[in-house]
$ cat structure.tsv   # TSV, C-alpha atoms and all ligand atoms
chain	number	residue	atom	x	y	z
A	474	MET	CA	136.87	23.33	327.03
A	475	LYS	CA	135.15	25.73	324.61
A	476	ILE	CA	131.46	25.22	323.84
A	477	ALA	CA	130.04	25.72	320.36
A	478	LEU	CA	126.43	25.66	319.29
A	479	ILE	CA	125.74	24.94	315.62
A	480	THR	CA	122.29	25.52	314.11
A	481	GLY	CA	121.58	23.59	310.91
A	482	VAL	CA	124.03	20.94	312.08
A	483	THR	CA	122.46	18.23	309.88
A	484	GLY	CA	123.34	20.15	306.70
A	485	GLN	CA	126.50	19.96	304.61
A	486	ASP	CA	128.37	22.78	306.37
A	487	GLY	CA	127.02	21.98	309.84
A	488	THR	CA	128.34	18.43	309.69
A	489	TYR	CA	131.82	19.39	308.42
A	490	LEU	CA	132.05	22.21	310.96
A	491	ALA	CA	130.98	19.90	313.82
A	492	LYS	CA	133.77	17.49	312.85
A	493	LEU	CA	136.34	20.29	312.74
A	494	LEU	CA	135.32	21.69	316.14
A	495	LEU	CA	135.31	18.23	317.74
A	496	GLU	CA	138.87	17.77	316.45
A	497	LYS	CA	139.71	21.07	318.14
A	498	ASN	CA	138.33	19.70	321.42
A	499	TYR	CA	135.16	21.77	321.54
A	500	LYS	CA	132.00	20.51	323.19
A	501	VAL	CA	129.60	20.64	320.22
A	502	ILE	CA	125.86	21.15	320.59
A	503	GLY	CA	123.95	20.81	317.34
A	504	THR	CA	120.40	22.05	317.08
A	505	VAL	CA	117.76	20.28	314.99
A	506	ARG	CA	114.16	21.10	314.08
A	507	SER	CA	112.78	17.89	315.53
A	508	ASN	CA	114.37	14.95	317.30
A	509	ARG	CA	111.86	12.59	315.70
A	510	CYS	CA	112.82	13.32	312.09
A	511	THR	CA	116.50	14.22	312.33
A	512	ASN	CA	118.53	12.75	309.48
A	513	THR	CA	121.80	11.56	311.04
A	514	ARG	CA	123.18	10.14	307.77
A	515	ASN	CA	125.77	12.91	307.42
A	516	PHE	CA	127.03	12.46	311.01
A	517	LYS	CA	127.42	8.73	310.45
A	518	TYR	CA	129.29	9.31	307.18
A	519	LEU	CA	131.90	11.42	309.03
A	520	GLY	CA	131.87	9.14	312.10
A	521	ILE	CA	130.74	11.84	314.55
A	522	ASP	CA	127.20	10.65	315.36
A	523	LYS	CA	128.13	9.69	318.93
A	524	ASP	CA	130.07	12.88	319.66
A	525	ILE	CA	127.53	15.64	319.01
A	526	ILE	CA	124.94	16.63	321.61
A	527	LEU	CA	121.67	17.19	319.75
A	528	GLU	CA	119.03	19.63	321.01
A	529	GLU	CA	115.64	20.29	319.49
A	530	LEU	CA	115.28	24.00	318.80
A	531	ASP	CA	112.68	26.11	317.04
A	532	LEU	CA	114.66	29.14	315.90
A	533	LEU	CA	111.45	31.10	315.38
A	534	ASP	CA	110.76	30.90	319.12
A	535	MET	CA	113.10	33.24	320.99
A	536	ALA	CA	112.20	31.76	324.38
A	537	ASN	CA	113.53	28.44	323.10
A	538	ILE	CA	116.82	30.02	322.05
A	539	ILE	CA	117.22	31.71	325.43
A	540	ARG	CA	116.62	28.36	327.16
A	541	ILE	CA	119.39	26.65	325.14
A	542	ILE	CA	121.81	29.55	325.59
A	543	GLN	CA	121.24	29.55	329.34
A	544	LYS	CA	121.62	25.77	329.51
A	545	TYR	CA	124.94	25.54	327.64
A	546	LYS	CA	126.43	29.07	327.82
A	547	PRO	CA	128.14	28.67	324.41
A	548	ASN	CA	131.31	30.62	323.63
A	549	GLU	CA	130.45	30.55	319.93
A	550	ILE	CA	127.21	30.11	317.96
A	551	TYR	CA	127.45	29.21	314.28
A	552	ASN	CA	124.13	29.98	312.62
A	553	LEU	CA	123.95	27.75	309.55
A	554	ALA	CA	120.23	26.86	309.59
A	555	ALA	CA	118.37	28.32	306.64
A	556	GLN	CA	116.07	27.55	303.77
A	557	SER	CA	119.21	27.38	301.64
A	558	SER	CA	117.93	26.72	298.12
A	559	VAL	CA	117.74	29.67	295.70
A	560	GLY	CA	115.45	27.65	293.39
A	561	LEU	CA	113.03	26.74	296.18
A	562	SER	CA	112.95	30.34	297.37
A	563	TYR	CA	111.14	31.31	294.15
A	564	SER	CA	108.28	28.91	294.98
A	565	GLN	CA	108.40	29.61	298.75
A	566	PRO	CA	109.35	33.31	298.97
A	567	ILE	CA	107.48	34.17	302.16
A	568	GLY	CA	108.59	31.10	304.10
A	569	THR	CA	112.20	31.60	302.99
A	570	PHE	CA	112.26	35.26	303.95
A	571	SER	CA	110.45	34.73	307.27
A	572	PHE	CA	112.67	31.91	308.48
A	573	ASN	CA	115.99	33.22	307.19
A	574	THR	CA	115.50	36.62	308.85
A	575	THR	CA	113.48	35.94	312.03
A	576	SER	CA	115.80	33.13	313.12
A	577	VAL	CA	118.78	35.52	312.92
A	578	ASN	CA	116.93	38.35	314.69
A	579	ASN	CA	116.01	35.96	317.52
A	580	LEU	CA	119.62	34.81	317.91
A	581	LEU	CA	120.97	38.36	317.91
A	582	GLU	CA	118.42	39.60	320.43
A	583	SER	CA	118.91	36.57	322.71
A	584	ILE	CA	122.67	37.18	322.72
A	585	ARG	CA	122.24	40.92	323.33
A	586	LEU	CA	119.88	40.46	326.27
A	587	PHE	CA	121.09	37.24	327.89
A	588	SER	CA	124.59	36.30	326.74
A	589	PRO	CA	126.56	39.32	325.48
A	590	ASN	CA	129.87	37.45	325.54
A	591	THR	CA	128.70	34.74	323.14
A	592	ARG	CA	130.14	35.17	319.64
A	593	LEU	CA	127.87	34.73	316.59
A	594	TYR	CA	128.83	33.55	313.10
A	595	GLN	CA	126.17	34.19	310.43
A	596	ALA	CA	126.09	32.25	307.15
A	597	SER	CA	125.77	35.03	304.57
A	598	SER	CA	125.82	34.32	300.85
A	599	SER	CA	127.17	35.56	297.51
A	600	GLU	CA	123.52	35.57	296.38
A	601	MET	CA	123.14	38.87	298.29
A	602	TYR	CA	125.17	40.58	295.57
A	603	GLY	CA	122.99	39.33	292.72
A	604	ARG	CA	123.31	41.51	289.65
A	605	VAL	CA	126.51	43.54	289.95
A	606	ASP	CA	128.29	46.05	287.70
A	607	SER	CA	131.82	44.95	288.45
A	608	MET	CA	133.71	41.84	289.51
A	609	PRO	CA	135.42	40.32	291.42
A	610	ILE	CA	132.96	40.93	294.22
A	611	ARG	CA	134.37	42.56	297.33
A	612	ILE	CA	132.73	43.25	300.70
A	613	ASP	CA	131.83	46.80	299.63
A	614	THR	CA	130.39	45.87	296.20
A	615	PRO	CA	126.79	47.23	296.16
A	616	MET	CA	124.19	44.48	296.65
A	617	HIS	CA	121.31	43.85	294.26
A	618	PRO	CA	119.86	40.43	295.15
A	619	ILE	CA	117.49	38.93	292.59
A	620	SER	CA	115.97	35.98	294.49
A	621	PRO	CA	113.88	35.80	297.68
A	622	TYR	CA	116.78	33.79	299.15
A	623	GLY	CA	119.29	36.55	298.31
A	624	VAL	CA	117.01	39.21	299.80
A	625	SER	CA	116.54	37.20	303.01
A	626	LYS	CA	120.29	36.72	303.42
A	627	MET	CA	120.94	40.41	302.78
A	628	ALA	CA	118.43	41.45	305.47
A	629	ALA	CA	119.99	39.04	307.98
A	630	HIS	CA	123.49	40.20	307.01
A	631	PHE	CA	122.71	43.83	307.83
A	632	MET	CA	121.00	42.93	311.10
A	633	VAL	CA	124.30	41.29	312.08
A	634	THR	CA	126.33	44.39	311.20
A	635	THR	CA	123.74	46.59	312.94
A	636	TYR	CA	123.96	44.61	316.19
A	637	ARG	CA	127.75	44.67	315.98
A	638	GLU	CA	127.95	48.41	315.40
A	639	SER	CA	125.05	49.48	317.65
A	640	TYR	CA	125.31	47.13	320.62
A	641	GLY	CA	128.93	46.02	320.40
A	642	ILE	CA	128.17	42.31	320.28
A	643	TYR	CA	130.68	39.98	318.61
A	644	ALA	CA	128.86	39.00	315.39
A	645	SER	CA	130.45	38.27	312.01
A	646	ASN	CA	129.22	37.44	308.52
A	647	GLY	CA	130.97	34.80	306.41
A	648	ILE	CA	129.94	35.57	302.83
A	649	LEU	CA	130.40	32.20	301.17
A	650	PHE	CA	130.17	31.50	297.46
A	651	ASN	CA	128.91	28.11	296.23
A	652	HIS	CA	130.71	25.21	297.86
A	653	GLU	CA	130.11	21.53	297.35
A	654	SER	CA	130.89	18.15	298.85
A	655	PHE	CA	129.65	14.60	299.04
A	656	LEU	CA	127.27	15.76	301.83
A	657	ARG	CA	125.39	18.24	299.60
A	658	SER	CA	121.63	17.60	299.33
A	659	ASP	CA	120.42	15.91	296.15
A	660	ASN	CA	118.49	18.97	294.95
A	661	PHE	CA	121.64	21.07	294.39
A	662	PHE	CA	123.16	21.32	290.91
A	663	ILE	CA	126.54	19.57	291.27
A	664	LYS	CA	125.18	16.68	293.31
A	665	LYS	CA	122.27	16.23	290.89
A	666	ILE	CA	124.54	16.21	287.82
A	667	ILE	CA	126.85	13.58	289.30
A	668	ARG	CA	124.07	11.36	290.67
A	669	ASP	CA	122.02	11.51	287.47
A	670	SER	CA	125.08	10.81	285.32
A	671	ILE	CA	125.84	7.70	287.38
A	672	ALA	CA	122.19	6.65	287.02
A	673	ILE	CA	122.45	7.07	283.24
A	674	LYS	CA	125.64	5.01	283.23
A	675	ASN	CA	123.82	2.31	285.24
A	676	LYS	CA	120.88	2.53	282.81
A	677	THR	CA	118.40	3.48	285.55
A	678	LEU	CA	117.88	6.94	284.01
A	679	LYS	CA	117.48	7.76	280.32
A	680	GLU	CA	118.75	11.34	280.14
A	681	LEU	CA	119.93	14.35	282.14
A	682	ARG	CA	117.31	17.15	282.28
A	683	VAL	CA	118.75	20.51	283.28
A	684	GLY	CA	117.78	24.20	283.32
A	685	ASN	CA	119.93	27.12	282.12
A	686	LEU	CA	123.56	25.98	281.69
A	687	ASN	CA	124.79	29.29	280.28
A	688	VAL	CA	125.52	30.79	283.68
A	689	LYS	CA	128.77	30.88	285.62
A	690	ARG	CA	129.38	30.32	289.32
A	691	ASP	CA	132.37	30.45	291.69
A	692	PHE	CA	132.58	26.94	293.21
A	693	GLY	CA	134.68	25.64	296.09
A	694	TYR	CA	135.05	22.71	298.47
A	695	ALA	CA	132.95	22.70	301.67
A	696	PRO	CA	135.45	21.06	304.08
A	697	LYS	CA	137.96	23.84	303.28
A	698	TYR	CA	135.35	26.60	303.55
A	699	VAL	CA	134.19	25.63	307.08
A	700	GLU	CA	137.79	26.15	308.32
A	701	VAL	CA	137.28	29.85	307.68
A	702	MET	CA	134.15	29.96	309.84
A	703	TRP	CA	136.20	28.87	312.83
A	704	LYS	CA	139.16	31.12	311.96
A	705	MET	CA	136.86	34.15	311.74
A	706	MET	CA	135.51	33.50	315.22
A	707	GLN	CA	139.01	33.46	316.75
A	708	LEU	CA	139.82	37.05	315.68
A	709	GLU	CA	140.06	39.64	318.43
A	710	LYS	CA	137.43	41.80	316.71
A	711	PRO	CA	134.40	40.66	314.69
A	712	ASP	CA	134.59	41.24	310.94
A	713	ASP	CA	133.01	40.08	307.65
A	714	PHE	CA	134.85	38.01	305.03
A	715	ILE	CA	134.26	36.82	301.47
A	716	ILE	CA	135.08	33.16	301.02
A	717	CYS	CA	135.36	31.98	297.43
A	718	SER	CA	137.73	30.39	294.94
A	719	GLY	CA	138.14	33.59	292.90
A	720	GLU	CA	137.05	32.25	289.51
A	721	SER	CA	133.77	31.28	287.89
A	722	ILE	CA	133.01	28.23	285.73
A	723	LEU	CA	130.28	27.81	283.13
A	724	LEU	CA	127.70	25.21	284.25
A	725	LYS	CA	127.74	23.77	280.72
A	726	ASP	CA	131.48	23.03	281.06
A	727	ILE	CA	130.87	21.23	284.35
A	728	VAL	CA	128.14	19.00	282.90
A	729	GLU	CA	130.27	18.18	279.86
A	730	TYR	CA	133.28	17.39	282.07
A	731	VAL	CA	131.23	14.94	284.16
A	732	PHE	CA	129.80	13.35	281.01
A	733	GLU	CA	133.28	12.93	279.52
A	734	LYS	CA	134.60	11.36	282.75
A	735	MET	CA	131.78	8.81	282.56
A	736	ASN	CA	131.97	8.26	278.81
A	737	LEU	CA	128.39	9.38	278.29
A	738	ASP	CA	126.88	10.70	275.07
A	739	LYS	CA	126.35	14.50	275.30
A	740	GLU	CA	123.15	14.06	273.25
A	741	LEU	CA	121.63	12.85	276.52
A	742	ILE	CA	121.89	16.35	278.05
A	743	ILE	CA	118.42	17.84	277.64
A	744	ILE	CA	117.80	21.54	278.27
A	745	ASP	CA	114.37	21.75	279.88
A	746	ASP	CA	112.75	25.23	279.85
A	747	SER	CA	110.49	24.26	282.74
A	748	LEU	CA	113.59	24.03	284.96
A	749	PHE	CA	114.70	27.61	284.26
A	750	ARG	CA	114.47	29.98	287.23
A	751	PRO	CA	112.41	33.19	286.94
A	752	ASN	CA	115.65	35.18	287.23
A	753	GLU	CA	119.29	34.15	287.15
A	754	ILE	CA	122.65	35.72	288.02
A	755	LYS	CA	124.66	35.36	284.78
A	756	ASP	CA	128.13	35.32	286.25
A	757	ILE	CA	129.59	35.79	289.72
A	758	TYR	CA	133.03	35.45	291.28
A	759	GLY	CA	134.66	36.99	294.29
A	760	ASP	CA	137.91	38.31	295.71
A	761	ASN	CA	139.17	36.20	298.62
A	762	SER	CA	142.35	38.23	299.31
A	763	LYS	CA	141.10	39.58	302.68
A	764	ALA	CA	140.57	36.03	304.00
A	765	ARG	CA	143.96	34.96	302.62
A	766	THR	CA	145.77	37.83	304.30
A	767	ILE	CA	144.00	38.23	307.63
A	768	LEU	CA	142.93	34.63	308.24
A	769	ASP	CA	145.95	33.03	306.60
A	770	TRP	CA	143.53	30.92	304.54
A	771	ASP	CA	145.21	29.01	301.78
A	772	TYR	CA	142.80	27.93	299.03
A	773	ILE	CA	144.33	26.63	295.82
A	774	ASP	CA	141.97	23.84	294.77
A	775	SER	CA	140.83	23.64	291.14
A	776	PHE	CA	137.13	22.83	290.97
A	777	TYR	CA	137.79	20.15	288.35
A	778	ASP	CA	139.94	18.29	290.92
A	779	ILE	CA	137.08	18.60	293.40
A	780	LEU	CA	134.68	17.22	290.80
A	781	ASP	CA	136.98	14.20	290.43
A	782	ILE	CA	136.82	13.61	294.21
A	783	LEU	CA	133.04	13.98	294.27
A	784	ILE	CA	132.54	11.57	291.35
A	785	GLU	CA	134.82	9.03	293.02
A	786	LYS	CA	132.99	9.30	296.38
A	787	GLU	CA	129.58	9.02	294.73
A	788	LEU	CA	130.67	5.97	292.74
A	789	ALA	CA	132.02	4.37	295.94
A	790	GLN	CA	128.54	4.63	297.46
A	801	LIG	P1	122.01	22.75	303.87
A	801	LIG	O1	122.84	21.54	303.63
A	801	LIG	O2	120.79	22.99	303.04
A	801	LIG	O3	121.60	22.76	305.41
A	801	LIG	C1	120.64	23.64	305.89
A	801	LIG	C2	120.40	23.32	307.35
A	801	LIG	O4	119.38	24.22	307.81
A	801	LIG	C3	119.90	21.89	307.61
A	801	LIG	O5	120.45	21.42	308.81
A	801	LIG	C4	118.39	22.10	307.78
A	801	LIG	O6	117.79	21.14	308.65
A	801	LIG	C5	118.37	23.46	308.46
A	801	LIG	N1	117.06	24.10	308.28
A	801	LIG	C6	116.45	24.42	307.12
A	801	LIG	N2	115.25	24.98	307.38
A	801	LIG	C7	115.11	24.99	308.72
A	801	LIG	C8	114.06	25.40	309.61
A	801	LIG	N3	112.94	25.93	309.15
A	801	LIG	N4	114.26	25.23	310.95
A	801	LIG	C9	115.42	24.71	311.42
A	801	LIG	N5	116.43	24.27	310.63
A	801	LIG	C10	116.26	24.43	309.31
A	801	LIG	O7	122.89	24.08	303.74
A	801	LIG	P2	124.49	24.22	303.73
A	801	LIG	O8	124.97	24.05	302.34
A	801	LIG	O9	125.07	23.42	304.81
A	801	LIG	O10	124.64	25.78	304.06
A	801	LIG	C11	124.76	26.24	305.41
A	801	LIG	C12	124.39	27.71	305.46
A	801	LIG	O11	125.24	28.45	304.58
A	801	LIG	C13	122.97	28.04	305.03
A	801	LIG	O12	122.51	29.10	305.81
A	801	LIG	C14	123.13	28.47	303.59
A	801	LIG	O13	122.09	29.33	303.19
A	801	LIG	C15	124.47	29.17	303.65
A	801	LIG	N6	125.24	29.18	302.40
A	801	LIG	C16	125.51	28.01	301.75
A	801	LIG	C17	126.26	28.04	300.58
A	801	LIG	C18	126.61	26.76	299.83
A	801	LIG	O14	127.07	26.83	298.69
A	801	LIG	N7	126.46	25.60	300.45
A	801	LIG	C19	126.73	29.27	300.08
A	801	LIG	C20	126.44	30.43	300.79
A	801	LIG	C21	125.72	30.38	301.96
A	801	LIG	P3	117.05	19.81	308.13
A	801	LIG	O15	118.11	18.73	308.09
A	801	LIG	O16	116.02	19.56	309.19
A	801	LIG	O17	116.48	20.12	306.78
$ encode --input "structure.tsv" --output "structure tokens"
Amino acid sequence: MKIALITGVTGQDGTYLAKLLLEKNYKVIGTVRSNRCTNTRNFKYLGIDKDIILEELDLLDMANIIRIIQKYKPNEIYNLAAQSSVGLSYSQPIGTFSFNTTSVNNLLESIRLFSPNTRLYQASSSEMYGRVDSMPIRIDTPMHPISPYGVSKMAAHFMVTTYRESYGIYASNGILFNHESFLRSDNFFIKKIIRDSIAIKNKTLKELRVGNLNVKRDFGYAPKYVEVMWKMMQLEKPDDFIICSGESILLKDIVEYVFEKMNLDKELIIIDDSLFRPNEIKDIYGDNSKARTILDWDYIDSFYDILDILIEKELAQ
């Protein structure tokens, strides 16, 4: 039986990945910041709360990582833990950079020194590319991140490639573009729009307050994106992949679509300057052809169909 260790297992991707690996007969160890305040809501929603072994782990403490690696001897580590909000990274730049880089350095060094056969997956992000001159974004598109989050992910990304090229460890970056699901945290755009729209419909909220809607993003569906994480780790040689839908959608169109589905008056959409970020990528979409060809990944979903699923699931709750 293969053993996988997932950091950030309580998050959206961690929970979907844990479910996938359990279905593939892996022994799954999920690491959490603290046993006392672990939110197991996502595990319960997918019915896997009894199947994951949870371990408390401070990723900033390398001795702790070594202890867990020596205890379980994982074949694969999926590093999904991160301060994952771009918006929050503008108000917590130092904390975001420190955690998102030191945690990865500690994992890489622990593997190099104590478990060189363990494979590492690193959750890289489209935010590393930031302001680009040409699209679609490909692996070799020059990076120009414009948020503390993007900078932190870029630093971690290149530590992964450096360990791979310099020490020969099996470490790969999955460069994922925005992906959503019912398990997304409330502070992310799509989840907030749907939840607030339902609240307006139920008359518990007066209006929808949003920041800049004149930006475009490449959105996909999280359960389909975690499949690629596993596929990448089964390759004979480590490699980096872009995972995206291949097209971008204007945030304004998404909000209006949700409002139309719920028969809400668009006058209730209020643009609030105080919610604007200090800097914003205007448009971003990627090229997923490498993942399609090498990983045989078949992604055809329209994001409007995914929005329908998310609205339905949220209403059912
Ligand atoms: P998420 O739902 O925000 O989950 C983040 C996970 O990281 C949670 O389990 C959280 O634990 C953990 N975490 C945060 N800060 C931590 C800390 N200081 N110590 C230990 N654990 C900590 O994120 P996600 O959407 O699943 O994304 C997974 C990974 O992919 C992240 O690295 C993210 O940056 C990256 N990514 C996501 C997207 C996307 O669109 N979703 C796109 C590109 C890359 P708690 O439950 O304790 O908070």
$ residues_near_ligand --input "structure.tsv" --ligand "ligand LIG 801 (chain A)" --cutoff "8 Å" --atoms "all atoms listed in the file" --output "PyMOL selection string"
chain A and resi 480-488+504-507+510-512+530-533+552-558+572-573+595-600+626+648-653+656-658+692+695
$ closest_residue --input "structure.tsv" --among "A:Lys523, A:His617, A:Arg540, A:Lys676" --to "Val605 (chain A)" --atoms "all atoms listed in the file"
A:His617
$ closest_residue --input "structure.tsv" --among "A:Leu783, A:Leu768, A:Ile773, A:Met735" --to "Ser718 (chain A)" --atoms "only C-alpha atoms"
A:Ile773
$ atom_distance --input "structure.tsv" --atom1 "CA of Ile610 (chain A)" --atom2 "CA of Ile754 (chain A)"
13.1 Å
$ residues_around --input "structure.tsv" --residues "Pro618 (chain A)" --least-positions-apart "4" --cutoff "6 Å" --atoms "all atoms listed in the file" --output "PyMOL selection string"
chain A and resi 601-603+623-624
$ closest_residue --input "structure.tsv" --among "A:Asp746, A:Asp781, A:Glu529, A:Asp713" --to "Tyr730 (chain A)" --atoms "all atoms listed in the file"
A:Asp781
$ closest_residue --input "structure.tsv" --among "A:Ile542, A:Phe776, A:Pro615, A:Phe655" --to "Leu519 (chain A)" --atoms "only C-alpha atoms"
A:Phe655
$ atom_distance --input "structure.tsv" --atom1 "CA of Ile541 (chain A)" --atom2 "CA of Leu580 (chain A)"
10.9 Å
$ atom_distance --input "structure.tsv" --atom1 "CA of His630 (chain A)" --atom2 "CA of Asn687 (chain A)"
28.9 Å
$ closest_residue --input "structure.tsv" --among "A:Lys739, A:Arg765, A:Arg611, A:Lys500" --to "Lys704 (chain A)" --atoms "only C-alpha atoms"
A:Arg765
$ closest_residue --input "structure.tsv" --among "A:Glu720, A:Asp712, A:Glu582, A:Glu753" --to "Asn646 (chain A)" --atoms "only C-alpha atoms"
A:Asp712
$ residues_around --input "structure.tsv" --residues "Glu729 (chain A)" --least-positions-apart "3" --cutoff "12 Å" --atoms "only C-alpha atoms" --output "short mmCIF file (atom, residue, chain, number, x, y, z; two decimals) with C-alpha atoms, keeping the file's coordinate frame"
data_model
loop_
_atom_site.label_atom_id
_atom_site.label_comp_id
_atom_site.auth_asym_id
_atom_site.auth_seq_id
_atom_site.Cartn_x
_atom_site.Cartn_y
_atom_site.Cartn_z
CA ILE A 666 124.54 16.21 287.82
CA ILE A 667 126.85 13.58 289.30
CA SER A 670 125.08 10.81 285.32
CA LEU A 681 119.93 14.35 282.14
CA LEU A 686 123.56 25.98 281.69
CA ILE A 722 133.01 28.23 285.73
CA LEU A 723 130.28 27.81 283.13
CA LEU A 724 127.70 25.21 284.25
CA LYS A 725 127.74 23.77 280.72
CA ASP A 726 131.48 23.03 281.06
CA PHE A 732 129.80 13.35 281.01
CA GLU A 733 133.28 12.93 279.52
CA LYS A 734 134.60 11.36 282.75
CA MET A 735 131.78 8.81 282.56
CA ASN A 736 131.97 8.26 278.81
CA LEU A 737 128.39 9.38 278.29
CA ASP A 738 126.88 10.70 275.07
CA LYS A 739 126.35 14.50 275.30
CA GLU A 740 123.15 14.06 273.25
CA LEU A 741 121.63 12.85 276.52
CA ILE A 742 121.89 16.35 278.05
CA TYR A 777 137.79 20.15 288.35
CA LEU A 780 134.68 17.22 290.80
#
$ residues_around --input "structure.tsv" --residues "Gly560 (chain A)" --least-positions-apart "4" --cutoff "12 Å" --atoms "all atoms listed in the file" --output "PyMOL selection string"
chain A and resi 556+564-566+569+600+619-623+660-662+684+748-753
$ residues_around --input "structure.tsv" --residues "Glu700 (chain A)" --least-positions-apart "4" --cutoff "10 Å" --atoms "all atoms listed in the file" --output "PyMOL selection string"
chain A and resi 489-490+493-494+695-696+704-705+768+770
